[in-house]
>>> print(open('work.txt').read())   # compact mmCIF, C-alpha atoms (C1' of nucleotides)
# COMPACT_ATOMS: atom_id res chain seq x y z
CA MET N 1 139.63 135.53 51.21
CA ASN N 2 139.29 132.62 53.63
CA THR N 3 139.20 129.04 52.46
CA PRO N 4 135.67 127.71 52.03
CA LEU N 5 134.82 124.73 54.20
CA LEU N 6 131.64 122.74 54.23
CA ILE N 7 130.97 120.93 57.48
CA ILE N 8 128.51 118.13 58.12
CA CYS N 9 128.00 117.21 61.74
CA GLY N 10 125.49 115.59 64.07
CA PRO N 11 125.04 112.43 66.06
CA THR N 12 126.01 108.98 64.94
CA ALA N 13 123.90 106.99 62.46
CA THR N 14 122.33 109.98 60.75
CA GLY N 15 123.90 109.36 57.36
CA LYS N 16 126.45 112.16 57.43
CA THR N 17 128.95 110.39 55.22
CA ASP N 18 126.35 109.37 52.64
CA LEU N 19 125.23 112.94 52.39
CA ALA N 20 128.81 114.15 52.17
CA ILE N 21 129.58 111.77 49.34
CA SER N 22 126.64 112.91 47.32
CA LEU N 23 127.50 116.56 47.94
CA ALA N 24 131.11 115.90 47.05
CA GLN N 25 130.04 114.52 43.70
CA LYS N 26 127.85 117.48 43.03
CA PHE N 27 130.26 120.19 44.14
CA LYS N 28 133.58 118.57 43.31
CA GLY N 29 134.54 117.92 46.86
CA GLU N 30 136.84 115.79 48.97
CA ILE N 31 135.94 114.58 52.41
CA VAL N 32 137.89 114.94 55.64
CA SER N 33 136.60 112.74 58.44
CA ALA N 34 136.33 114.35 61.88
CA ASP N 35 136.01 111.18 63.88
CA SER N 36 138.25 110.30 66.79
CA ARG N 37 137.95 106.53 66.32
CA GLN N 38 138.04 106.18 62.56
CA VAL N 39 141.64 107.33 62.65
CA TYR N 40 142.72 103.89 63.83
CA LYS N 41 143.82 101.31 61.29
CA GLY N 42 141.94 98.05 61.45
CA MET N 43 138.97 99.53 63.22
CA THR N 44 136.71 99.55 60.23
CA ILE N 45 133.47 97.70 60.77
CA GLY N 46 132.96 98.85 64.31
CA THR N 47 133.58 102.51 63.58
CA GLY N 48 131.46 102.43 60.46
CA LYS N 49 134.03 103.60 57.95
CA GLN N 50 132.61 104.01 54.49
CA TYR N 51 135.43 103.79 51.99
CA SER N 52 134.29 105.33 48.75
CA GLU N 53 135.64 104.57 45.32
CA ILE N 54 134.49 107.79 43.77
CA ILE N 55 135.22 110.33 46.46
CA LYS N 56 138.41 110.58 48.43
CA ILE N 57 137.90 110.40 52.19
CA TRP N 58 140.81 111.63 54.28
CA GLY N 59 141.30 111.00 57.93
CA TYR N 60 140.69 107.26 58.11
CA ASP N 61 143.48 104.90 59.15
CA LEU N 62 145.99 107.47 60.28
CA VAL N 63 147.59 105.50 63.11
CA ASP N 64 147.78 102.03 64.62
CA PRO N 65 145.34 101.24 67.40
CA ASN N 66 148.23 101.22 69.84
CA GLU N 67 149.39 104.69 68.91
CA GLU N 68 148.43 107.98 70.45
CA PHE N 69 146.10 110.25 68.62
CA SER N 70 144.16 113.20 69.83
CA LEU N 71 142.87 116.66 69.12
CA GLY N 72 146.29 118.15 68.44
CA HIS N 73 147.12 115.53 65.84
CA PHE N 74 143.75 115.93 64.28
CA LEU N 75 143.97 119.70 63.98
CA LYS N 76 147.37 119.53 62.36
CA PHE N 77 146.29 116.84 59.93
CA ALA N 78 142.91 118.27 59.06
CA ASN N 79 144.01 121.86 58.64
CA GLU N 80 146.74 120.79 56.24
CA LYS N 81 144.36 118.54 54.35
CA ILE N 82 141.69 121.17 54.01
CA ILE N 83 144.15 123.66 52.55
CA GLU N 84 145.56 121.05 50.18
CA ILE N 85 142.12 120.18 48.89
CA SER N 86 141.27 123.78 48.41
CA VAL N 87 144.50 124.51 46.58
CA ARG N 88 143.67 121.63 44.31
CA GLY N 89 140.54 123.53 43.42
CA ASN N 90 138.19 121.17 45.23
CA LEU N 91 135.72 121.79 48.00
CA PRO N 92 136.82 120.47 51.39
CA ILE N 93 133.99 118.79 53.29
CA LEU N 94 134.58 118.07 56.96
CA VAL N 95 132.33 115.29 58.17
CA GLY N 96 132.02 113.83 61.61
CA GLY N 97 130.49 113.41 64.98
CA THR N 98 133.46 114.34 67.13
CA GLY N 99 132.26 117.72 68.26
CA LEU N 100 135.50 118.89 69.78
CA TYR N 101 137.43 118.18 66.59
CA ILE N 102 135.05 120.29 64.57
CA LYS N 103 135.08 123.06 67.13
CA GLY N 104 138.85 122.96 67.09
CA ILE N 105 138.88 123.54 63.35
CA LEU N 106 136.51 126.47 63.60
CA GLU N 107 138.01 128.16 66.60
CA ASN N 108 141.54 128.85 67.51
CA PHE N 109 142.53 126.52 70.34
CA GLU N 110 145.65 128.14 71.63
CA THR N 111 146.81 125.29 73.82
CA ALA N 112 145.86 122.41 71.58
CA SER N 113 149.41 121.97 70.39
CA ILE N 114 150.77 121.32 73.86
CA PRO N 115 151.46 117.59 74.00
CA PRO N 116 150.75 115.37 76.96
CA ASN N 117 153.39 115.19 79.63
CA GLN N 118 153.45 111.50 80.45
CA GLN N 119 155.65 111.87 83.48
CA LEU N 120 153.38 114.46 85.00
CA ARG N 121 150.30 112.42 84.22
CA THR N 122 151.72 109.37 85.92
CA GLU N 123 152.74 111.46 88.89
CA LEU N 124 149.30 112.90 89.31
CA GLU N 125 147.44 109.70 88.48
CA ASN N 126 146.36 108.90 92.02
CA THR N 127 145.96 112.42 93.34
CA THR N 128 142.54 113.35 94.62
CA VAL N 129 140.50 115.93 92.75
CA ALA N 130 140.66 118.27 95.71
CA ALA N 131 144.44 118.14 95.71
CA LEU N 132 144.61 118.53 91.94
CA TYR N 133 142.43 121.58 92.12
CA GLN N 134 144.52 123.03 94.91
CA LYS N 135 147.63 122.51 92.84
CA LEU N 136 146.06 124.22 89.86
CA ARG N 137 145.08 127.16 92.03
CA GLU N 138 148.69 127.58 93.07
CA LEU N 139 149.95 127.38 89.50
CA ASP N 140 147.28 129.35 87.71
CA ASN N 141 144.60 130.77 89.92
CA ALA N 142 142.73 132.46 87.09
CA LYS N 143 142.45 129.21 85.18
CA ALA N 144 141.33 127.39 88.31
CA LEU N 145 138.61 129.91 88.97
CA SER N 146 137.43 129.78 85.39
CA LEU N 147 136.59 126.08 85.65
CA ASN N 148 132.98 125.19 86.30
CA GLU N 149 131.83 122.93 89.13
CA SER N 150 131.83 119.90 86.91
CA ASP N 151 135.34 120.35 85.58
CA ARG N 152 136.71 121.08 89.01
CA GLN N 153 135.86 117.50 89.82
CA ASN N 154 137.13 116.05 86.58
CA PRO N 155 140.63 114.69 87.19
CA ARG N 156 141.39 114.44 83.50
CA ARG N 157 140.63 118.09 82.90
CA LEU N 158 142.46 119.20 86.03
CA ILE N 159 145.58 117.30 85.06
CA ARG N 160 145.50 118.76 81.58
CA ALA N 161 145.11 122.26 83.00
CA ILE N 162 148.14 121.68 85.21
CA GLU N 163 150.00 120.23 82.26
CA ILE N 164 149.39 123.41 80.29
CA THR N 165 150.62 125.71 83.03
CA VAL N 166 153.78 123.65 83.34
CA SER N 167 154.44 123.45 79.62
CA LYS N 168 157.12 125.37 77.77
CA GLU N 169 155.78 124.51 74.33
CA ASN N 170 154.83 127.07 71.79
CA THR N 171 151.15 127.53 71.47
CA ASN N 172 149.02 128.76 68.66
CA LEU N 173 150.17 126.44 65.93
CA PHE N 174 146.87 125.92 64.17
CA LYS N 175 145.63 129.19 62.93
CA GLU N 176 143.51 128.60 59.88
CA LYS N 177 140.42 130.66 59.24
CA TYR N 178 137.63 129.27 57.16
CA ASN N 179 134.52 130.45 55.48
CA SER N 180 132.37 127.67 56.72
CA LEU N 181 128.88 126.41 56.22
CA LEU N 182 127.65 124.03 58.89
CA ILE N 183 125.04 121.41 58.15
CA GLY N 184 123.67 119.42 61.09
CA LEU N 185 121.73 116.19 60.72
CA ARG N 186 119.43 114.98 63.45
CA SER N 187 115.96 113.71 64.25
CA ASP N 188 113.87 112.80 67.24
CA ILE N 189 115.58 110.52 69.72
CA GLY N 190 113.26 107.58 69.18
CA PHE N 191 114.02 107.48 65.49
CA LEU N 192 117.74 107.85 66.06
CA GLU N 193 117.70 105.01 68.58
CA LYS N 194 116.10 102.78 66.02
CA ARG N 195 118.77 103.70 63.47
CA VAL N 196 121.48 103.00 65.99
CA ASP N 197 120.09 99.56 66.79
CA GLU N 198 119.95 98.74 63.10
CA SER N 199 123.47 99.94 62.63
CA VAL N 200 124.68 97.71 65.46
CA LYS N 201 122.90 94.78 63.89
CA ARG N 202 124.51 95.48 60.55
CA ARG N 203 127.97 95.69 62.06
CA LEU N 204 127.46 92.42 63.91
CA LYS N 205 126.55 90.81 60.63
CA ASN N 206 129.58 92.31 58.98
CA GLY N 207 131.84 90.70 61.54
CA VAL N 208 132.82 93.16 64.23
CA PHE N 209 133.55 90.37 66.66
CA ALA N 210 136.17 88.97 64.32
CA GLU N 211 137.56 92.44 63.79
CA VAL N 212 138.03 93.01 67.51
CA LYS N 213 139.50 89.56 67.94
CA ASP N 214 142.07 90.34 65.26
CA LEU N 215 142.95 93.63 66.88
CA LEU N 216 143.59 91.92 70.20
CA LEU N 217 145.62 89.21 68.50
CA ASN N 218 147.69 91.96 66.96
CA LYS N 219 148.60 93.12 70.43
CA THR N 220 146.21 96.00 70.69
CA SER N 221 145.92 96.78 74.36
CA VAL N 222 142.42 96.80 75.80
CA ASN N 223 143.53 99.74 77.87
CA HIS N 224 144.40 101.88 74.91
CA MET N 225 142.11 104.74 73.95
CA SER N 226 141.22 103.06 70.70
CA MET N 227 139.58 100.20 72.57
CA SER N 228 137.43 102.56 74.57
CA ALA N 229 135.35 103.03 71.45
CA THR N 230 131.71 102.12 71.68
CA GLY N 231 131.24 98.50 70.76
CA TYR N 232 134.92 97.63 70.96
CA LYS N 233 134.86 98.18 74.71
CA GLU N 234 131.92 95.82 75.16
CA ILE N 235 133.25 93.20 72.77
CA CYS N 236 136.59 93.25 74.58
CA SER N 237 134.82 92.51 77.86
CA TYR N 238 133.10 89.60 76.21
CA LEU N 239 136.31 88.25 74.69
CA ASN N 240 137.96 88.52 78.09
CA GLY N 241 135.19 86.46 79.58
CA GLU N 242 133.81 89.22 81.76
CA ILE N 243 130.34 89.27 80.27
CA SER N 244 128.26 87.12 77.96
CA GLU N 245 127.84 87.76 74.27
CA THR N 246 124.21 88.79 74.74
CA GLU N 247 125.18 91.20 77.47
CA ALA N 248 127.92 92.66 75.33
CA ILE N 249 125.52 93.39 72.51
CA LYS N 250 122.96 94.83 74.87
CA LYS N 251 125.54 97.09 76.47
CA TRP N 252 126.87 98.13 73.11
CA LYS N 253 123.45 99.28 71.97
CA LEU N 254 123.00 101.13 75.20
CA SER N 255 126.33 102.93 74.86
CA GLU N 256 125.44 103.92 71.33
CA ARG N 257 122.19 105.47 72.48
CA GLN N 258 123.89 107.30 75.31
CA TYR N 259 126.50 108.55 72.90
CA VAL N 260 123.84 109.91 70.58
CA LYS N 261 122.38 111.89 73.46
CA ARG N 262 125.73 113.30 74.44
CA GLN N 263 126.36 114.34 70.87
CA LEU N 264 122.97 116.02 70.67
CA THR N 265 123.70 117.93 73.86
CA TRP N 266 127.01 119.09 72.46
CA PHE N 267 125.88 120.09 69.00
CA GLN N 268 122.71 121.77 70.20
CA LYS N 269 124.88 124.31 71.89
CA GLN N 270 127.08 125.06 68.91
CA ASN N 271 126.24 128.14 66.92
CA ASP N 272 125.55 128.56 63.23
CA ILE N 273 124.51 125.01 62.49
CA HIS N 274 121.80 124.66 59.87
CA TRP N 275 119.80 121.72 61.14
CA PHE N 276 117.97 119.19 59.01
CA ASP N 277 115.69 116.41 60.17
CA ILE N 278 116.62 113.22 58.35
CA GLN N 279 113.05 112.01 58.56
CA ASN N 280 112.02 114.86 56.31
CA SER N 281 111.94 113.28 52.86
CA SER N 282 113.13 116.41 51.11
CA TYR N 283 116.02 117.22 53.40
CA LYS N 284 118.66 116.20 50.90
CA SER N 285 117.50 118.58 48.23
CA GLU N 286 117.11 121.31 50.82
CA VAL N 287 120.69 120.79 51.88
CA GLU N 288 121.80 120.87 48.26
CA ASP N 289 120.04 124.15 47.67
CA LEU N 290 121.63 125.69 50.70
CA VAL N 291 125.07 124.44 49.79
CA GLU N 292 124.66 125.58 46.23
CA LYS N 293 123.82 129.13 47.23
CA TRP N 294 126.72 129.25 49.63
CA HIS N 295 129.07 127.66 47.13
CA ASN N 296 128.16 130.11 44.39
CA LYS N 297 128.83 132.98 46.70
CA GLN N 298 132.23 131.54 47.55
CA CYS N 299 133.06 131.22 43.86
CA GLN N 300 132.01 134.76 43.11
CA GLU N 301 134.14 136.16 45.86
CA LYS N 302 137.02 134.11 44.74
CA SER N 303 136.87 135.58 41.26
CA ARG N 304 136.42 139.04 42.67
CA PHE N 305 139.43 138.82 44.96
CA PRO N 306 141.78 136.36 43.32
CA ILE N 307 144.63 135.61 45.64
CA LYS N 308 147.57 133.39 45.25
CA GLN N 309 147.11 130.35 47.47
C1' G Y 1 104.20 67.74 100.93
C1' C Y 2 108.68 68.51 104.07
C1' U Y 3 113.23 71.35 104.96
C1' G Y 4 116.25 75.63 104.01
C1' A Y 5 116.90 80.61 101.82
C1' G Y 6 114.35 84.75 100.31
C1' G Y 7 110.50 88.60 98.76
C1' U Y 8 113.17 96.34 99.50
C1' G Y 9 112.49 102.10 94.82
C1' G Y 10 112.68 101.30 86.95
C1' U Y 11 116.77 97.18 87.76
C1' G Y 12 120.73 94.77 90.72
C1' G Y 13 121.61 94.99 95.69
C1' A Y 14 122.64 97.12 101.10
C1' G Y 15 120.05 97.94 105.55
C1' C Y 16 118.17 93.76 110.17
C1' G Y 17 114.19 98.17 116.07
C1' G Y 18 114.86 104.90 116.22
C1' U Y 19 119.78 109.28 112.87
C1' C Y 20 115.45 105.53 106.48
C1' A Y 21 112.29 108.12 101.40
C1' A Y 22 116.05 103.96 102.51
C1' U Y 23 124.28 103.22 101.43
C1' C Y 24 125.98 101.85 96.61
C1' A Y 25 125.86 100.55 91.48
C1' C Y 26 123.11 100.57 86.90
C1' A Y 27 119.31 102.68 84.02
C1' A Y 28 116.60 107.29 83.26
C1' C Y 29 116.50 112.71 82.89
C1' A Y 30 119.20 117.32 82.59
C1' G Y 31 123.93 119.40 81.77
C1' A Y 32 129.38 120.50 81.25
C1' C Y 33 133.28 120.24 77.81
C1' U Y 34 139.82 124.29 74.37
C1' G Y 35 145.54 117.65 73.04
C1' U Y 36 142.41 111.02 76.28
C1' A Y 37 136.10 113.81 73.50
C1' A Y 38 132.90 106.94 70.78
C1' A Y 39 136.81 109.87 76.33
C1' U Y 40 135.93 112.31 81.01
C1' C Y 41 133.00 114.84 84.52
C1' U Y 42 128.55 117.28 87.20
C1' G Y 43 123.44 117.63 89.00
C1' U Y 44 118.51 115.36 89.70
C1' C Y 45 116.33 110.82 90.58
C1' G Y 46 108.87 107.93 95.57
C1' U Y 47 105.20 111.75 95.43
C1' C Y 48 102.88 116.66 96.56
C1' C Y 49 103.54 122.04 98.20
C1' G Y 50 107.75 125.62 98.18
C1' A Y 51 112.39 130.03 95.00
C1' A Y 52 114.78 127.99 99.25
C1' A Y 53 114.89 126.53 104.09
C1' G Y 54 111.48 123.20 105.08
C1' G Y 55 106.90 120.61 105.33
C1' G Y 56 102.81 116.95 103.90
C1' C Y 57 101.50 112.16 101.97
C1' U Y 58 102.48 107.13 100.37
C1' A Y 59 106.11 103.22 100.56
C1' C Y 60 110.43 97.78 101.94
C1' G Y 61 105.09 90.71 99.18
C1' U Y 62 100.27 90.68 102.03
C1' A Y 63 97.04 90.74 106.60
C1' G Y 64 97.48 91.28 111.55
C1' G Y 65 100.35 91.70 116.25
C1' U Y 66 104.37 93.45 119.81
C1' U Y 67 106.56 98.43 120.77
C1' C Y 68 106.65 105.25 122.57
C1' A Y 69 108.90 103.78 117.65
C1' A Y 70 109.13 98.49 112.75
C1' A Y 71 112.04 97.60 106.10
C1' U Y 72 114.11 95.71 110.61
C1' C Y 73 110.86 91.49 116.04
C1' C Y 74 106.37 87.75 116.17
C1' U Y 75 102.12 85.12 113.64
C1' G Y 76 98.91 83.76 109.46
C1' C Y 77 98.56 83.93 104.25
C1' C Y 78 100.50 84.51 99.09
C1' C Y 79 104.63 84.06 95.94
C1' U Y 80 110.07 82.77 94.33
C1' C Y 81 114.41 79.78 94.52
C1' A Y 82 117.37 75.52 96.34
C1' G Y 83 117.54 70.58 98.62
C1' C Y 84 114.60 66.29 100.07
C1' A Y 85 110.38 63.57 99.05
>>> encode(input="work.txt", output="structure tokens")
Amino acid sequence: MNTPLLIICGPTATGKTDLAISLAQKFKGEIVSADSRQVYKGMTIGTGKQYSEIIKIWGYDLVDPNEEFSLGHFLKFANEKIIEISVRGNLPILVGGTGLYIKGILENFETASIPPNQQLRTELENTTVAALYQKLRELDNAKALSLNESDRQNPRRLIRAIEITVSKENTNLFKEKYNSLLIGLRSDIGFLEKRVDESVKRRLKNGVFAEVKDLLLNKTSVNHMSMSATGYKEICSYLNGEISETEAIKKWKLSERQYVKRQLTWFQKQNDIHWFDIQNSSYKSEVEDLVEKWHNKQCQEKSRFPIKQ
RNA sequence: GCUGAGGUGGUGGAGCGGUCAAUCACAACAGACUGUAAAUCUGUCGUCCGAAAGGGCUACGUAGGUUCAAAUCCUGCCCUCAGCA
């Protein structure tokens, strides 16, 4: 029998973690965060981490903001964590807004374990998209043809595709299979925008500016991926004197809204998500009912086919 | 009141007689996504008809004028900004 895995996804500022905590209490769960920016130490206020005293949340503070972290690291970490939690007899709950990370857990990404090839990336840095595409066609024509019009013009994707063809690494390292239930939280865009604005306000009050200042003082490079996070990016521009404080806040709010839309576009396309509107006052109990049914079924099967973990 | 600069699409800002429905950027809208994913990339973007090719209409403060042709030249008027009174 496959490991049960409860997943809570959706755009930012929908209360995913709050919901997860309450479900974890009810169903004896532990949370694994699927968030590409909460992995960085010291990025707490801006990324909206919610440390909980009652429920363990894994996946926060995994690396320094100057370190590399990406899908491959996440899959390794999260898959191990989920199994551990399950072995412990608890329910693993994966919570987050990083769509690719969640997809990576659910599907088998064969090439996700191939690490970046820095030398190659530097070499190809200034190559035009046309030339990159041409190169990919020579190396792996099938792959090149499989790319859509958008990706054919995306240097980052083209370089990665080339990187994979050149790689000698073993693939297929993350091969877990889960019995998952996906819960998606969302609402109409106007409501979500309001929530996002409030959340920005709250984080300002909680001292994000000071947090970013500290990070920069601790030698975090503005060019590092961690500092491309929404809010951090804008605050860095302000601290570097490129824009005013008011502008930074305005841009931050804007980026948040745009991010919400991108997340909605992504998640809308994913299959098997049970969607709940957070404006619906009874959504929490509806989620609980659904999870309970699913959870009971998992438990029954477990007792019917007991296997040694 | 005088002098100088300027008024362009949702915004910033090019254009300075024809190839202009107007470079570009931003916003907006739609979308893509298999180790950077809170990243990156694509398409649309005055309006109407059309599946498309294409066509019609309305537009560069405003009213006139010059010209075969005006966002671009000239004049009046109305605004904005800067300097002087």
>>> closest_atom_pairs(input="work.txt", of="chain N", to="chain Y", cutoff="8 Å", atoms="all atoms listed in the file", output="JSON lines")
{"residue": "N:Ser36", "atom": "CA", "partner": "Y:A38", "partner_atom": "C1'", "distance": 7.5}
{"residue": "N:Arg37", "atom": "CA", "partner": "Y:A38", "partner_atom": "C1'", "distance": 6.7}
{"residue": "N:Ser70", "atom": "CA", "partner": "Y:G35", "partner_atom": "C1'", "distance": 5.7}
{"residue": "N:Leu71", "atom": "CA", "partner": "Y:G35", "partner_atom": "C1'", "distance": 4.8}
{"residue": "N:Gly72", "atom": "CA", "partner": "Y:G35", "partner_atom": "C1'", "distance": 4.7}
{"residue": "N:His73", "atom": "CA", "partner": "Y:G35", "partner_atom": "C1'", "distance": 7.7}
{"residue": "N:Thr98", "atom": "CA", "partner": "Y:A37", "partner_atom": "C1'", "distance": 6.9}
{"residue": "N:Gly99", "atom": "CA", "partner": "Y:A37", "partner_atom": "C1'", "distance": 7.6}
{"residue": "N:Leu100", "atom": "CA", "partner": "Y:A37", "partner_atom": "C1'", "distance": 6.3}
{"residue": "N:Gly104", "atom": "CA", "partner": "Y:U34", "partner_atom": "C1'", "distance": 7.5}
{"residue": "N:Phe109", "atom": "CA", "partner": "Y:U34", "partner_atom": "C1'", "distance": 5.3}
{"residue": "N:Glu110", "atom": "CA", "partner": "Y:U34", "partner_atom": "C1'", "distance": 7.5}
{"residue": "N:Thr111", "atom": "CA", "partner": "Y:U34", "partner_atom": "C1'", "distance": 7.1}
{"residue": "N:Ala112", "atom": "CA", "partner": "Y:G35", "partner_atom": "C1'", "distance": 5.0}
{"residue": "N:Ser113", "atom": "CA", "partner": "Y:G35", "partner_atom": "C1'", "distance": 6.4}
{"residue": "N:Ile114", "atom": "CA", "partner": "Y:G35", "partner_atom": "C1'", "distance": 6.4}
{"residue": "N:Pro115", "atom": "CA", "partner": "Y:G35", "partner_atom": "C1'", "distance": 6.0}
{"residue": "N:Pro116", "atom": "CA", "partner": "Y:G35", "partner_atom": "C1'", "distance": 6.9}
{"residue": "N:Asn148", "atom": "CA", "partner": "Y:A32", "partner_atom": "C1'", "distance": 7.8}
{"residue": "N:Glu149", "atom": "CA", "partner": "Y:U42", "partner_atom": "C1'", "distance": 6.8}
{"residue": "N:Ser150", "atom": "CA", "partner": "Y:U42", "partner_atom": "C1'", "distance": 4.2}
{"residue": "N:Asp151", "atom": "CA", "partner": "Y:C41", "partner_atom": "C1'", "distance": 6.1}
{"residue": "N:Gln153", "atom": "CA", "partner": "Y:C41", "partner_atom": "C1'", "distance": 6.6}
{"residue": "N:Asn154", "atom": "CA", "partner": "Y:C41", "partner_atom": "C1'", "distance": 4.8}
{"residue": "N:Arg156", "atom": "CA", "partner": "Y:U40", "partner_atom": "C1'", "distance": 6.4}
{"residue": "N:Arg157", "atom": "CA", "partner": "Y:U40", "partner_atom": "C1'", "distance": 7.7}
{"residue": "N:Met225", "atom": "CA", "partner": "Y:U36", "partner_atom": "C1'", "distance": 6.7}
{"residue": "N:Ser228", "atom": "CA", "partner": "Y:A38", "partner_atom": "C1'", "distance": 7.4}
{"residue": "N:Ala229", "atom": "CA", "partner": "Y:A38", "partner_atom": "C1'", "distance": 4.7}
{"residue": "N:Thr230", "atom": "CA", "partner": "Y:A38", "partner_atom": "C1'", "distance": 5.0}
{"residue": "N:Tyr259", "atom": "CA", "partner": "Y:A38", "partner_atom": "C1'", "distance": 6.9}
>>> atom_distance(input="work.txt", atom1="atom CA of Ala20 of chain N", atom2="atom CA of Phe191 of chain N")
21.0 Å
>>> closest_residue(input="work.txt", among="N:Gln119, N:Ile45, N:Thr3, N:Lys284", to="Lys205 of chain N", atoms="all atoms listed in the file")
N:Ile45
>>> atom_distance(input="work.txt", atom1="atom CA of Gly48 of chain N", atom2="atom CA of Tyr178 of chain N")
27.7 Å
>>> residues_around(input="work.txt", residues="segment 192-199 of chain N", least_positions_apart="3", cutoff="7 Å", atoms="only C-alpha atoms (C1' of nucleotides)", output="number ranges by chain")
N: 13, 187-189, 202-203, 253, 256-257
